[in-house]
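data.cif, holding mmCIF, C-alpha atoms:
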data_entry
loop_
_atom_site.label_atom_id
_atom_site.label_comp_id
_atom_site.auth_asym_id
_atom_site.auth_seq_id
_atom_site.Cartn_x
_atom_site.Cartn_y
_atom_site.Cartn_z
CA MET A 1 -57.58 105.35 197.67
CA GLU A 2 -57.94 101.70 198.70
CA ALA A 3 -58.43 102.69 202.33
CA MET A 4 -61.47 104.74 201.32
CA TYR A 5 -62.89 101.87 199.25
CA ASP A 6 -62.25 99.50 202.17
CA ARG A 7 -64.35 101.69 204.45
CA GLY A 8 -67.31 101.62 202.07
CA TRP A 9 -67.24 105.36 201.34
CA SER A 10 -67.29 105.06 197.55
CA ASP A 11 -70.15 104.76 195.07
CA GLY A 12 -67.83 102.61 192.95
CA LEU A 13 -65.79 105.40 191.38
CA PRO A 14 -62.48 106.66 192.80
CA LEU A 15 -62.69 109.36 195.48
CA VAL A 16 -60.62 112.47 196.14
CA ALA A 17 -59.03 112.14 199.59
CA PRO A 18 -60.81 114.62 201.93
CA THR A 19 -57.78 116.10 203.64
CA ARG A 20 -58.22 118.86 206.20
CA GLU A 21 -56.81 121.42 203.74
CA ARG A 22 -59.18 120.42 200.94
CA VAL A 23 -62.19 120.47 203.25
CA LEU A 24 -61.26 123.92 204.58
CA ARG A 25 -60.92 125.16 201.00
CA MET A 26 -64.30 123.62 200.16
CA LEU A 27 -65.91 125.46 203.09
CA GLU A 28 -64.78 128.75 201.56
CA GLY A 29 -67.46 128.14 198.91
CA THR A 30 -70.28 128.98 201.32
CA SER A 31 -71.06 131.78 203.74
CA ARG A 32 -72.65 129.23 206.06
CA SER A 33 -70.92 128.06 209.21
CA GLY A 34 -69.29 124.63 209.16
CA ASP A 35 -71.24 123.48 212.20
CA GLU A 36 -74.65 124.53 210.86
CA ILE A 37 -77.10 121.66 210.50
CA VAL A 38 -78.23 121.34 206.89
CA ALA A 39 -80.67 118.45 207.07
CA LEU A 40 -81.70 115.24 208.78
CA VAL A 41 -80.40 112.71 206.29
CA PRO A 42 -82.37 109.49 205.82
CA PRO A 43 -82.54 106.62 206.33
CA ASN A 44 -80.83 107.00 209.74
CA LEU A 45 -82.12 110.59 210.14
CA VAL A 46 -78.67 111.88 211.03
CA GLU A 47 -78.09 115.58 211.67
CA CYS A 48 -75.72 116.58 208.90
CA THR A 49 -73.49 119.65 209.20
CA VAL A 50 -72.15 121.88 206.44
CA GLU A 51 -68.70 120.45 207.23
CA LYS A 52 -69.84 116.85 206.66
CA VAL A 53 -71.30 117.91 203.33
CA ALA A 54 -67.99 119.59 202.47
CA VAL A 55 -66.07 116.38 203.24
CA ASN A 56 -68.27 114.43 200.85
CA ALA A 57 -68.16 117.21 198.24
CA VAL A 58 -64.36 116.99 198.25
CA MET A 59 -64.56 113.23 197.77
CA ALA A 60 -67.00 113.68 194.85
CA GLY A 61 -64.60 116.07 193.08
CA CYS A 62 -66.55 119.32 193.58
CA ARG A 63 -65.02 122.78 193.40
CA PRO A 64 -65.81 125.08 196.38
CA GLU A 65 -68.18 127.21 194.31
CA TYR A 66 -70.42 124.15 193.78
CA LEU A 67 -70.98 123.71 197.53
CA PRO A 68 -74.03 126.03 197.82
CA VAL A 69 -75.83 123.94 195.19
CA VAL A 70 -74.99 120.72 197.03
CA LEU A 71 -76.29 122.17 200.30
CA ALA A 72 -79.57 123.38 198.78
CA SER A 73 -80.03 120.05 197.02
CA LEU A 74 -79.72 118.22 200.33
CA GLU A 75 -82.24 120.56 201.93
CA ALA A 76 -84.64 119.73 199.09
CA ILE A 77 -84.24 115.95 199.07
CA CYS A 78 -84.22 115.57 202.86
CA SER A 79 -87.58 117.34 203.20
CA ASP A 80 -90.65 115.40 204.22
CA GLU A 81 -92.37 116.17 200.92
CA PHE A 82 -89.53 114.82 198.77
CA ASN A 83 -89.35 111.65 200.90
CA MET A 84 -85.78 110.50 200.27
CA HIS A 85 -86.34 107.64 202.71
CA GLY A 86 -89.01 106.10 200.50
CA ILE A 87 -86.94 106.70 197.38
CA LEU A 88 -84.07 104.77 198.95
CA ALA A 89 -86.29 101.96 200.14
CA THR A 90 -88.29 101.38 196.96
CA THR A 91 -87.14 98.60 194.67
CA MET A 92 -87.97 100.87 191.70
CA GLY A 93 -84.85 102.38 190.13
CA VAL A 94 -85.37 106.05 190.88
CA GLY A 95 -83.28 108.75 192.51
CA PRO A 96 -83.12 112.51 192.89
CA VAL A 97 -82.83 114.39 189.59
CA LEU A 98 -81.56 117.91 190.32
CA ILE A 99 -82.35 120.84 188.00
CA VAL A 100 -80.52 124.11 188.70
CA ASN A 101 -81.96 127.48 187.62
CA GLY A 102 -80.62 130.99 188.05
CA PRO A 103 -77.36 132.86 187.48
CA ILE A 104 -75.26 130.46 189.59
CA ALA A 105 -75.55 127.74 186.97
CA THR A 106 -73.61 129.75 184.40
CA GLU A 107 -71.22 131.20 186.97
CA ILE A 108 -70.03 127.79 188.13
CA GLY A 109 -69.85 126.42 184.59
CA MET A 110 -72.78 124.02 184.55
CA ASN A 111 -73.80 122.50 181.24
CA SER A 112 -77.22 122.98 179.65
CA GLY A 113 -76.15 122.09 176.11
CA VAL A 114 -74.45 119.24 174.29
CA ASN A 115 -74.60 116.04 176.37
CA VAL A 116 -76.58 117.84 179.08
CA LEU A 117 -77.89 114.60 180.57
CA GLY A 118 -74.63 112.78 179.97
CA HIS A 119 -70.98 113.18 180.70
CA GLY A 120 -68.22 115.74 180.34
CA ASN A 121 -69.06 118.56 182.73
CA ARG A 122 -67.47 118.66 186.17
CA ALA A 123 -70.20 120.65 187.94
CA ASN A 124 -73.08 118.55 186.58
CA ALA A 125 -71.27 115.32 187.39
CA THR A 126 -69.92 116.08 190.83
CA ILE A 127 -72.82 118.02 192.42
CA GLY A 128 -75.20 115.12 191.96
CA ARG A 129 -72.53 112.69 193.09
CA ALA A 130 -71.77 114.68 196.25
CA VAL A 131 -75.44 114.67 197.22
CA GLN A 132 -75.60 110.90 196.85
CA LEU A 133 -72.36 110.40 198.81
CA VAL A 134 -73.91 112.32 201.73
CA VAL A 135 -76.95 110.04 201.61
CA ARG A 136 -74.65 107.02 201.55
CA ASN A 137 -72.05 108.06 204.10
CA VAL A 138 -73.94 110.29 206.51
CA GLY A 139 -77.47 108.89 206.16
CA GLY A 140 -76.42 105.26 205.81
CA GLY A 141 -78.38 104.68 202.57
CA ALA A 142 -76.06 102.32 200.73
CA PRO A 143 -76.96 99.85 197.96
CA GLY A 144 -77.26 96.33 199.31
CA GLY A 145 -78.39 97.74 202.66
CA ILE A 146 -81.63 99.68 202.76
CA ASP A 147 -81.29 100.46 199.04
CA ARG A 148 -82.25 97.19 197.36
CA ALA A 149 -83.43 98.55 194.00
CA THR A 150 -84.13 95.88 191.39
CA HIS A 151 -82.16 97.63 188.65
CA GLY A 152 -81.17 101.00 190.06
CA SER A 153 -80.41 103.77 187.61
CA MET A 154 -77.86 106.44 186.88
CA SER A 155 -79.98 108.87 188.91
CA LYS A 156 -78.67 107.03 191.97
CA LEU A 157 -75.08 107.83 191.04
CA GLY A 158 -75.79 111.53 190.61
CA PHE A 159 -78.07 113.28 188.13
CA CYS A 160 -77.78 117.06 187.98
CA PHE A 161 -78.10 119.54 185.12
CA THR A 162 -79.22 123.06 184.33
CA GLU A 163 -81.81 124.49 181.98
CA ASP A 164 -80.87 126.41 178.83
CA GLU A 165 -82.53 129.58 180.05
CA ALA A 166 -80.92 132.05 177.64
CA GLY A 167 -81.97 130.02 174.60
CA SER A 168 -85.55 129.43 175.69
CA PRO A 169 -88.53 131.55 174.67
CA TRP A 170 -90.38 130.27 177.75
CA THR A 171 -90.31 130.93 181.46
CA THR A 172 -87.89 128.68 183.31
CA LEU A 173 -88.85 125.73 185.46
CA ALA A 174 -88.08 127.74 188.61
CA GLU A 175 -90.21 130.67 187.38
CA ASP A 176 -93.01 128.23 186.69
CA ARG A 177 -92.66 127.12 190.30
CA GLY A 178 -92.95 130.67 191.65
CA PHE A 179 -89.37 131.95 191.85
CA ASP A 180 -87.96 135.10 190.24
CA ARG A 181 -85.62 134.53 187.33
CA CYS A 182 -82.72 136.18 189.16
CA VAL A 183 -82.94 133.75 192.10
CA ASP A 184 -80.73 130.67 192.25
CA VAL A 185 -82.92 127.61 192.72
CA VAL A 186 -82.51 123.85 192.68
CA THR A 187 -85.50 121.62 192.02
CA ALA A 188 -85.37 117.96 192.99
CA PHE A 189 -87.49 115.51 191.02
CA CYS A 190 -87.65 111.82 191.84
CA GLY A 191 -86.89 110.14 188.54
CA GLU A 192 -85.37 107.32 186.56
CA GLY A 193 -82.79 107.71 183.81
CA PRO A 194 -83.74 109.59 180.62
CA ARG A 195 -85.36 107.87 177.68
CA ILE A 196 -84.90 109.51 174.32
CA LEU A 197 -87.92 110.50 172.27
CA VAL A 198 -87.42 110.69 168.50
CA ASP A 199 -89.45 112.96 166.24
CA GLN A 200 -87.51 114.08 163.19
CA LYS A 201 -90.44 114.82 160.89
CA SER A 202 -92.79 117.17 162.73
CA ARG A 203 -92.60 120.69 161.38
CA SER A 204 -95.60 122.10 163.23
CA ALA A 205 -96.22 122.62 166.92
CA GLU A 206 -99.43 120.60 166.64
CA SER A 207 -97.73 117.54 165.15
CA LEU A 208 -94.88 117.54 167.64
CA THR A 209 -97.29 117.94 170.55
CA ARG A 210 -99.23 114.87 169.39
CA MET A 211 -96.01 112.88 169.21
CA LEU A 212 -94.89 114.02 172.64
CA ALA A 213 -98.26 113.02 174.07
CA GLU A 214 -98.12 109.58 172.48
CA CYS A 215 -94.73 108.96 174.10
CA LEU A 216 -95.62 110.49 177.45
CA ILE A 217 -98.69 108.25 177.76
CA ALA A 218 -96.33 105.27 178.10
CA THR A 219 -94.31 106.83 180.95
CA VAL A 220 -93.70 104.22 183.67
CA SER A 221 -96.51 102.15 182.12
CA PRO A 222 -99.38 103.01 179.78
CA ARG A 223 -101.65 101.75 182.58
CA THR A 224 -100.75 104.33 185.20
CA VAL A 225 -102.77 107.54 185.39
CA MET A 226 -102.22 110.46 187.75
CA GLY A 227 -100.13 108.42 190.18
CA MET A 228 -96.68 109.09 188.68
CA ASP A 229 -95.12 112.35 187.49
CA ALA A 230 -92.70 112.97 184.62
CA LEU A 231 -90.02 115.44 183.59
CA LEU A 232 -89.86 116.37 179.90
CA VAL A 233 -86.59 117.81 178.57
CA LEU A 234 -87.30 119.63 175.31
CA SER A 235 -84.31 120.06 172.99
CA PRO A 236 -83.62 123.37 171.24
CA GLU A 237 -84.65 121.98 167.84
CA HIS A 238 -87.94 120.72 169.24
CA MET A 239 -88.45 123.97 171.11
CA ALA A 240 -88.05 125.78 167.76
CA ARG A 241 -91.40 124.31 166.64
CA PHE A 242 -93.13 126.06 169.52
CA ARG A 243 -91.13 129.26 169.18
CA ASP A 244 -92.05 129.45 165.48
CA ALA A 245 -95.73 128.88 166.29
CA GLY A 246 -95.71 131.53 168.98
CA TRP A 247 -96.69 129.10 171.73
CA ASP A 248 -95.70 130.01 175.25
CA ARG A 249 -95.39 127.54 178.11
CA ALA A 250 -99.05 127.91 179.12
CA ARG A 251 -100.32 127.31 175.58
CA PHE A 252 -98.09 124.25 175.21
CA MET A 253 -99.19 122.75 178.52
CA ASN A 254 -102.83 123.36 177.64
CA GLU A 255 -102.59 121.77 174.18
CA LEU A 256 -100.54 118.84 175.49
CA GLY A 257 -102.90 118.31 178.40
CA LYS A 258 -105.84 117.88 176.03
CA LEU A 259 -103.97 115.02 174.33
CA LEU A 260 -102.95 113.32 177.56
CA MET A 261 -106.45 112.13 178.45
CA VAL A 262 -106.89 108.39 178.89
CA GLU A 263 -110.10 106.35 178.50
CA THR A 264 -109.93 104.16 181.57
CA ASP A 265 -111.81 101.30 179.90
CA THR A 266 -108.67 100.70 177.83
CA ILE A 267 -106.42 100.29 180.86
CA LEU A 268 -108.57 98.27 183.26
CA ALA A 269 -107.04 95.14 184.78
CA GLY A 270 -107.57 92.38 182.25
CA ALA A 271 -108.13 94.69 179.27
CA GLY A 272 -106.19 93.43 176.25
CA GLY A 273 -105.27 90.26 178.10
CA ILE A 274 -103.04 92.11 180.58
CA ASP A 275 -103.63 91.55 184.30
CA GLU A 276 -102.09 94.88 185.33
CA GLY A 277 -104.44 97.85 185.29
CA LEU A 278 -107.03 99.90 187.10
CA PRO A 279 -109.73 98.24 189.21
CA GLU A 280 -113.04 97.65 187.46
CA GLY A 281 -114.75 100.35 189.52
CA LEU A 282 -112.75 103.01 187.69
CA GLY A 283 -114.10 102.06 184.26
CA GLY A 284 -116.00 104.47 182.04
CA LEU A 285 -113.93 107.51 182.96
CA THR A 286 -111.63 109.83 181.07
CA LEU A 287 -108.65 110.76 183.27
CA PRO A 288 -105.50 112.80 182.68
CA LYS A 289 -102.24 110.87 182.46
CA PHE A 290 -100.64 113.34 184.88
CA ARG A 291 -102.16 115.04 187.92
CA PRO A 292 -102.24 118.88 187.81
CA GLY A 293 -98.61 120.00 188.05
CA GLY A 294 -97.39 116.44 187.58
CA LEU A 295 -95.58 117.11 184.29
CA LEU A 296 -92.45 119.27 184.61
CA VAL A 297 -90.97 120.73 181.43
CA VAL A 298 -87.47 122.15 180.92
CA HIS A 299 -85.46 123.28 177.91
CA ALA A 300 -81.98 121.80 177.53
CA GLY A 301 -79.74 119.97 175.09
CA GLY A 302 -77.36 120.51 172.21
CA PRO A 303 -78.28 122.76 169.28
CA ALA A 304 -78.66 119.92 166.77
CA GLY A 305 -80.90 116.89 167.08
CA LEU A 306 -84.65 116.42 166.80
CA PHE A 307 -84.89 114.55 170.08
CA SER A 308 -86.28 115.25 173.49
CA ALA A 309 -86.04 113.20 176.67
CA ILE A 310 -88.59 111.88 179.14
CA ILE A 311 -87.61 111.14 182.72
CA GLY A 312 -90.30 109.05 184.38
CA GLY A 313 -91.12 109.58 188.03
CA TRP A 314 -92.24 107.55 191.02
CA VAL A 315 -95.29 107.51 193.29
CA ASN A 316 -96.32 111.16 193.63
CA GLY A 317 -98.06 113.37 196.15
CA PRO A 318 -98.26 113.10 199.94
CA THR A 319 -97.98 109.31 199.78
CA GLY A 320 -94.84 109.42 197.63
CA SER A 321 -92.53 112.20 196.46
CA GLU A 322 -93.32 115.82 195.59
CA PRO A 323 -91.00 117.76 193.27
CA THR A 324 -89.26 120.10 195.72
CA SER A 325 -87.49 123.42 195.08
CA ARG A 326 -85.13 125.28 197.39
CA GLU A 327 -83.36 128.60 196.99
CA ILE A 328 -79.59 128.29 196.82
CA ILE A 329 -77.88 130.33 199.54
CA ARG A 330 -74.37 131.35 198.55
CA MET B 1 -41.42 106.82 202.00
CA THR B 2 -44.29 109.20 201.38
CA GLU B 3 -45.91 111.11 204.21
CA PRO B 4 -49.12 109.51 205.49
CA VAL B 5 -52.27 111.32 204.39
CA THR B 6 -54.86 112.20 207.02
CA VAL B 7 -58.43 112.33 205.77
CA LEU B 8 -61.57 113.54 207.51
CA ASP B 9 -64.37 111.09 208.21
CA PRO B 10 -67.28 111.51 205.73
CA THR B 11 -69.68 109.40 207.82
CA ALA B 12 -72.07 110.23 210.65
CA GLU B 13 -69.43 108.93 213.11
CA ALA B 14 -72.25 107.28 215.03
CA ILE B 15 -72.53 103.66 215.98
CA PRO B 16 -76.18 102.64 215.71
CA ALA B 17 -77.64 101.02 218.80
CA GLN B 18 -77.72 97.27 218.38
CA ARG B 19 -80.97 95.67 219.44
CA SER B 20 -81.46 91.93 219.56
CA LEU B 21 -84.70 90.27 218.52
CA ASN B 22 -87.00 89.08 221.27
CA PRO B 23 -86.78 85.33 221.89
CA ARG B 24 -89.02 83.32 219.59
CA PRO B 25 -92.17 82.20 221.46
CA ALA B 26 -92.32 78.46 222.14
CA ASN B 27 -95.93 78.40 220.98
CA LEU B 28 -98.71 80.83 220.11
CA ASP B 29 -101.30 79.84 222.71
CA GLY B 30 -102.96 82.98 223.99
CA LEU B 31 -100.41 85.28 222.35
CA THR B 32 -101.43 88.34 220.37
CA VAL B 33 -99.78 88.61 216.97
CA GLY B 34 -99.88 91.89 215.05
CA LEU B 35 -100.05 91.72 211.27
CA LEU B 36 -98.75 94.90 209.67
CA ASP B 37 -99.79 95.49 206.06
CA ILE B 38 -97.42 97.99 204.44
CA SER B 39 -100.23 98.84 201.96
CA LYS B 40 -98.76 97.31 198.83
CA PRO B 41 -101.22 95.64 196.42
CA ARG B 42 -102.46 92.25 197.63
CA GLY B 43 -100.75 92.50 201.01
CA ASP B 44 -104.19 91.91 202.50
CA VAL B 45 -104.55 88.65 200.53
CA PHE B 46 -101.28 87.39 201.95
CA LEU B 47 -102.11 88.47 205.50
CA ASP B 48 -105.60 86.93 205.34
CA ARG B 49 -103.92 83.56 204.84
CA ILE B 50 -101.43 84.19 207.63
CA GLU B 51 -104.28 85.16 209.94
CA GLU B 52 -106.09 81.89 209.19
CA GLY B 53 -102.98 79.91 210.07
CA LEU B 54 -102.23 81.83 213.25
CA THR B 55 -105.80 81.67 214.50
CA ALA B 56 -105.81 77.90 213.94
CA GLN B 57 -102.74 77.71 216.18
CA GLY B 58 -104.50 79.51 219.02
CA ALA B 59 -103.14 83.01 218.54
CA LYS B 60 -105.15 86.20 218.70
CA VAL B 61 -104.55 88.42 215.70
CA ARG B 62 -104.69 92.19 215.43
CA ARG B 63 -104.48 93.81 211.99
CA TYR B 64 -102.63 97.04 211.24
CA ALA B 65 -101.76 98.96 208.08
CA LYS B 66 -99.28 101.69 207.25
CA PRO B 67 -100.89 104.77 205.65
CA THR B 68 -98.52 104.36 202.68
CA PHE B 69 -95.82 101.90 201.72
CA THR B 70 -93.54 104.75 200.65
CA LYS B 71 -92.84 106.07 204.15
CA PRO B 72 -91.83 104.53 207.49
CA ALA B 73 -94.63 103.46 209.84
CA PRO B 74 -95.70 106.42 212.01
CA VAL B 75 -94.43 106.44 215.59
CA ASP B 76 -97.97 106.15 216.99
CA LEU B 77 -98.62 103.02 214.95
CA ARG B 78 -95.35 101.42 216.07
CA HIS B 79 -96.16 102.27 219.67
CA GLU B 80 -99.65 100.79 219.39
CA ILE B 81 -98.29 97.53 217.97
CA ALA B 82 -95.59 97.31 220.65
CA THR B 83 -98.18 97.96 223.38
CA HIS B 84 -100.79 95.45 222.26
CA CYS B 85 -98.87 92.62 220.60
CA ASP B 86 -96.48 89.88 221.71
CA ALA B 87 -95.14 89.38 218.20
CA VAL B 88 -95.50 91.07 214.82
CA ILE B 89 -95.35 90.02 211.19
CA GLU B 90 -94.78 92.74 208.60
CA ALA B 91 -96.02 91.94 205.12
CA LEU B 92 -94.64 93.05 201.82
CA ALA B 93 -96.58 91.98 198.76
CA ASP B 94 -97.25 92.74 195.04
#
Mind turning this structure into structure tokens?
Amino acid sequence: MEAMYDRGWSDGLPLVAPTRERVLRMLEGTSRSGDEIVALVPPNLVECTVEKVAVNAVMAGCRPEYLPVVLASLEAICSDEFNMHGILATTMGVGPVLIVNGPIATEIGMNSGVNVLGHGNRANATIGRAVQLVVRNVGGGAPGGIDRATHGSMSKLGFCFTEDEAGSPWTTLAEDRGFDRCVDVVTAFCGEGPRILVDQKSRSAESLTRMLAECLIATVSPRTVMGMDALLVLSPEHMARFRDAGWDRARFMNELGKLLMVETDTILAGAGGIDEGLPEGLGGLTLPKFRPGGLLVVHAGGPAGLFSAIIGGWVNGPTGSEPTSREIIR
Amino acid sequence: MTEPVTVLDPTAEAIPAQRSLNPRPANLDGLTVGLLDISKPRGDVFLDRIEEGLTAQGAKVRRYAKPTFTKPAPVDLRHEIATHCDAVIEALAD
């Protein structure tokens, strides 16, 4: 244990010793060859094999059946569009948030319910951790080195969960992104930790949508428009408002989008005595808070509680990070 | 006595090449200094001041900018700076 800490392999928590036997057992979780290259892992752009991922997955506490999800997650975050290098290098406290869709989530015992964004589930906790250990140990992206985030966040330790698909009246996140429901998919979103949104009084879809919009406008800062994405995690009790009203995902996104328009005159630099803001040349416009496709919505959480959660993003698009999905190969 | 445990190496098992910095120039007379703006807000304000100071000391200045601060400088840009400059200053800002 201490020898592994001494070598800088740990994220701070104890590690499982990656013995040859445990790594071989881990490799039984995938049909892929141990010497197959999975990704070029930033920041050092190191070719990472399935076996190296398995070593780190053992250390994180994964079971072999989690390995395909870890591998697909690494393929997603090490892509050019996700830009893991920039996410490591930014001083903003963001990291990869991994959302798993498809039958594999239930089969390996992932949690989409009570404490979904918290603790208590081995698959949720260790898949995200294994991905981050690969970035640290194989890629060389350790805190204090290239990762000099001002505050950091729990998404840097490992942030992975699954959607409550069976309990949702809507299409899943992966379906919304073009995959069939029967396909196993992981979607990586560059995000901070969750902030809880409280609305215990709304009984109509219209009222709750207005409340969600009011909270979402403040994501990252009320003065950012279109430049940062967000992930909204709707709880079952909040989703019930939309189910009762007969709103599908498209109707919800349309109604919410109408409320997420910002008068730029109110967020110009200097407006309200605040120096931060848009340049003067962008005054007089009405712009959406999120770019098209910049607000991801999933359904997850325990059955009781009139809360939802907002996970703010980072710089989006080709100059930042794109939400990135990859099919999970067993 | 317990048996020793053998563990597999989770790292890249690579030793990065160590490169030393070039020697610091004794003075800036006739040297070309590249100023690389990483494209954060107000990096240009900072580099404008640096350029004034360097020019006053007899250096020639060439200005460069990364397309975005969120990604490493493209290889072509790094090559251009290395080809045309004797020294480089990279500017963060905000």
Q | Proximity to Ala65 (chain B) - best of B:Gly43, B:Pro4, B:Pro25, B:Gly30, only C-alpha atoms | A |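 Closest residue, counting only C-alpha atoms: B:Gly43.
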Q: List, as a PyMOL selection string, every residue that the PyMOL selection byres ((chain A) within 10 of (chain B)) selects in the file provided.
A: chain A and resi 4+7-9+16-23+41+43-44+46-49+51-59+80+83-90+133-140+315-316+318-321
Q | Non-local contacts of region 169-180 of chain A (7 Å; only C-alpha atoms; under 6 positions in same chain excluded) as a ChimeraX atom specification | A | /A:101,243,248-249,297-298
File of the preceding selection, C-alpha atoms, as a CSV table (one decimal), in the frame of the given file:
chain,number,residue,atom,x,y,z
A,101,ASN,CA,-82.0,127.5,187.6
A,243,ARG,CA,-91.1,129.3,169.2
A,248,ASP,CA,-95.7,130.0,175.2
A,249,ARG,CA,-95.4,127.5,178.1
A,297,VAL,CA,-91.0,120.7,181.4
A,298,VAL,CA,-87.5,122.2,180.9
Q: Between B:Ile50, B:Ala56, B:Ala73, B:Ile89, single out the one closest to Leu36 (chain B), counting only C-alpha atoms.
A: B:Ile89
Q | Atom-to-atom span, CA of Glu327 (chain A) and CA of Met253 (chain A), Å | A |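 So the answer is 25.0 Å.
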Writing N, CA and C atoms and nothing else, produce region 221-238 of chain A as a short mmCIF file (atom, residue, chain, number, x, y, z; two decimals), in the first residue's frame.
data_model
loop_
_atom_site.label_atom_id
_atom_site.label_comp_id
_atom_site.auth_asym_id
_atom_site.auth_seq_id
_atom_site.Cartn_x
_atom_site.Cartn_y
_atom_site.Cartn_z
N SER A 221 -21.75 31.39 -14.89
CA SER A 221 -21.92 32.80 -14.53
C SER A 221 -23.12 33.29 -15.32
N PRO A 222 -23.94 34.17 -14.73
CA PRO A 222 -25.08 34.70 -15.49
C PRO A 222 -24.61 35.47 -16.72
N ARG A 223 -23.32 35.79 -16.79
CA ARG A 223 -22.82 36.63 -17.89
C ARG A 223 -22.20 35.83 -19.03
N THR A 224 -22.27 34.53 -18.99
CA THR A 224 -21.82 33.74 -20.13
C THR A 224 -23.03 33.35 -20.97
N VAL A 225 -22.90 33.47 -22.27
CA VAL A 225 -23.93 32.97 -23.19
C VAL A 225 -23.26 32.16 -24.29
N MET A 226 -23.80 31.01 -24.55
CA MET A 226 -23.43 30.15 -25.67
C MET A 226 -22.03 29.54 -25.57
N GLY A 227 -21.19 30.05 -24.71
CA GLY A 227 -19.80 29.58 -24.66
C GLY A 227 -19.57 28.38 -23.77
N MET A 228 -20.52 28.07 -22.88
CA MET A 228 -20.36 26.96 -21.94
C MET A 228 -21.63 26.10 -21.98
N ASP A 229 -21.45 24.79 -21.93
CA ASP A 229 -22.59 23.87 -21.94
C ASP A 229 -23.03 23.54 -20.51
N ALA A 230 -24.09 22.75 -20.39
CA ALA A 230 -24.52 22.28 -19.07
C ALA A 230 -25.21 20.93 -19.22
N LEU A 231 -25.20 20.19 -18.13
CA LEU A 231 -25.88 18.90 -18.04
C LEU A 231 -26.92 19.02 -16.94
N LEU A 232 -28.18 18.78 -17.28
CA LEU A 232 -29.28 18.86 -16.32
C LEU A 232 -29.72 17.44 -15.97
N VAL A 233 -29.74 17.13 -14.67
CA VAL A 233 -30.17 15.81 -14.20
C VAL A 233 -31.53 15.97 -13.54
N LEU A 234 -32.57 15.58 -14.26
CA LEU A 234 -33.93 15.70 -13.74
C LEU A 234 -34.26 14.52 -12.84
N SER A 235 -34.78 14.81 -11.65
CA SER A 235 -35.16 13.74 -10.73
C SER A 235 -36.50 13.14 -11.15
N PRO A 236 -36.81 11.94 -10.66
CA PRO A 236 -38.11 11.34 -10.99
C PRO A 236 -39.30 12.20 -10.59
N GLU A 237 -39.24 12.83 -9.42
CA GLU A 237 -40.39 13.65 -9.02
C GLU A 237 -40.54 14.90 -9.87
N HIS A 238 -39.43 15.46 -10.32
CA HIS A 238 -39.54 16.58 -11.27
C HIS A 238 -40.01 16.09 -12.63
#
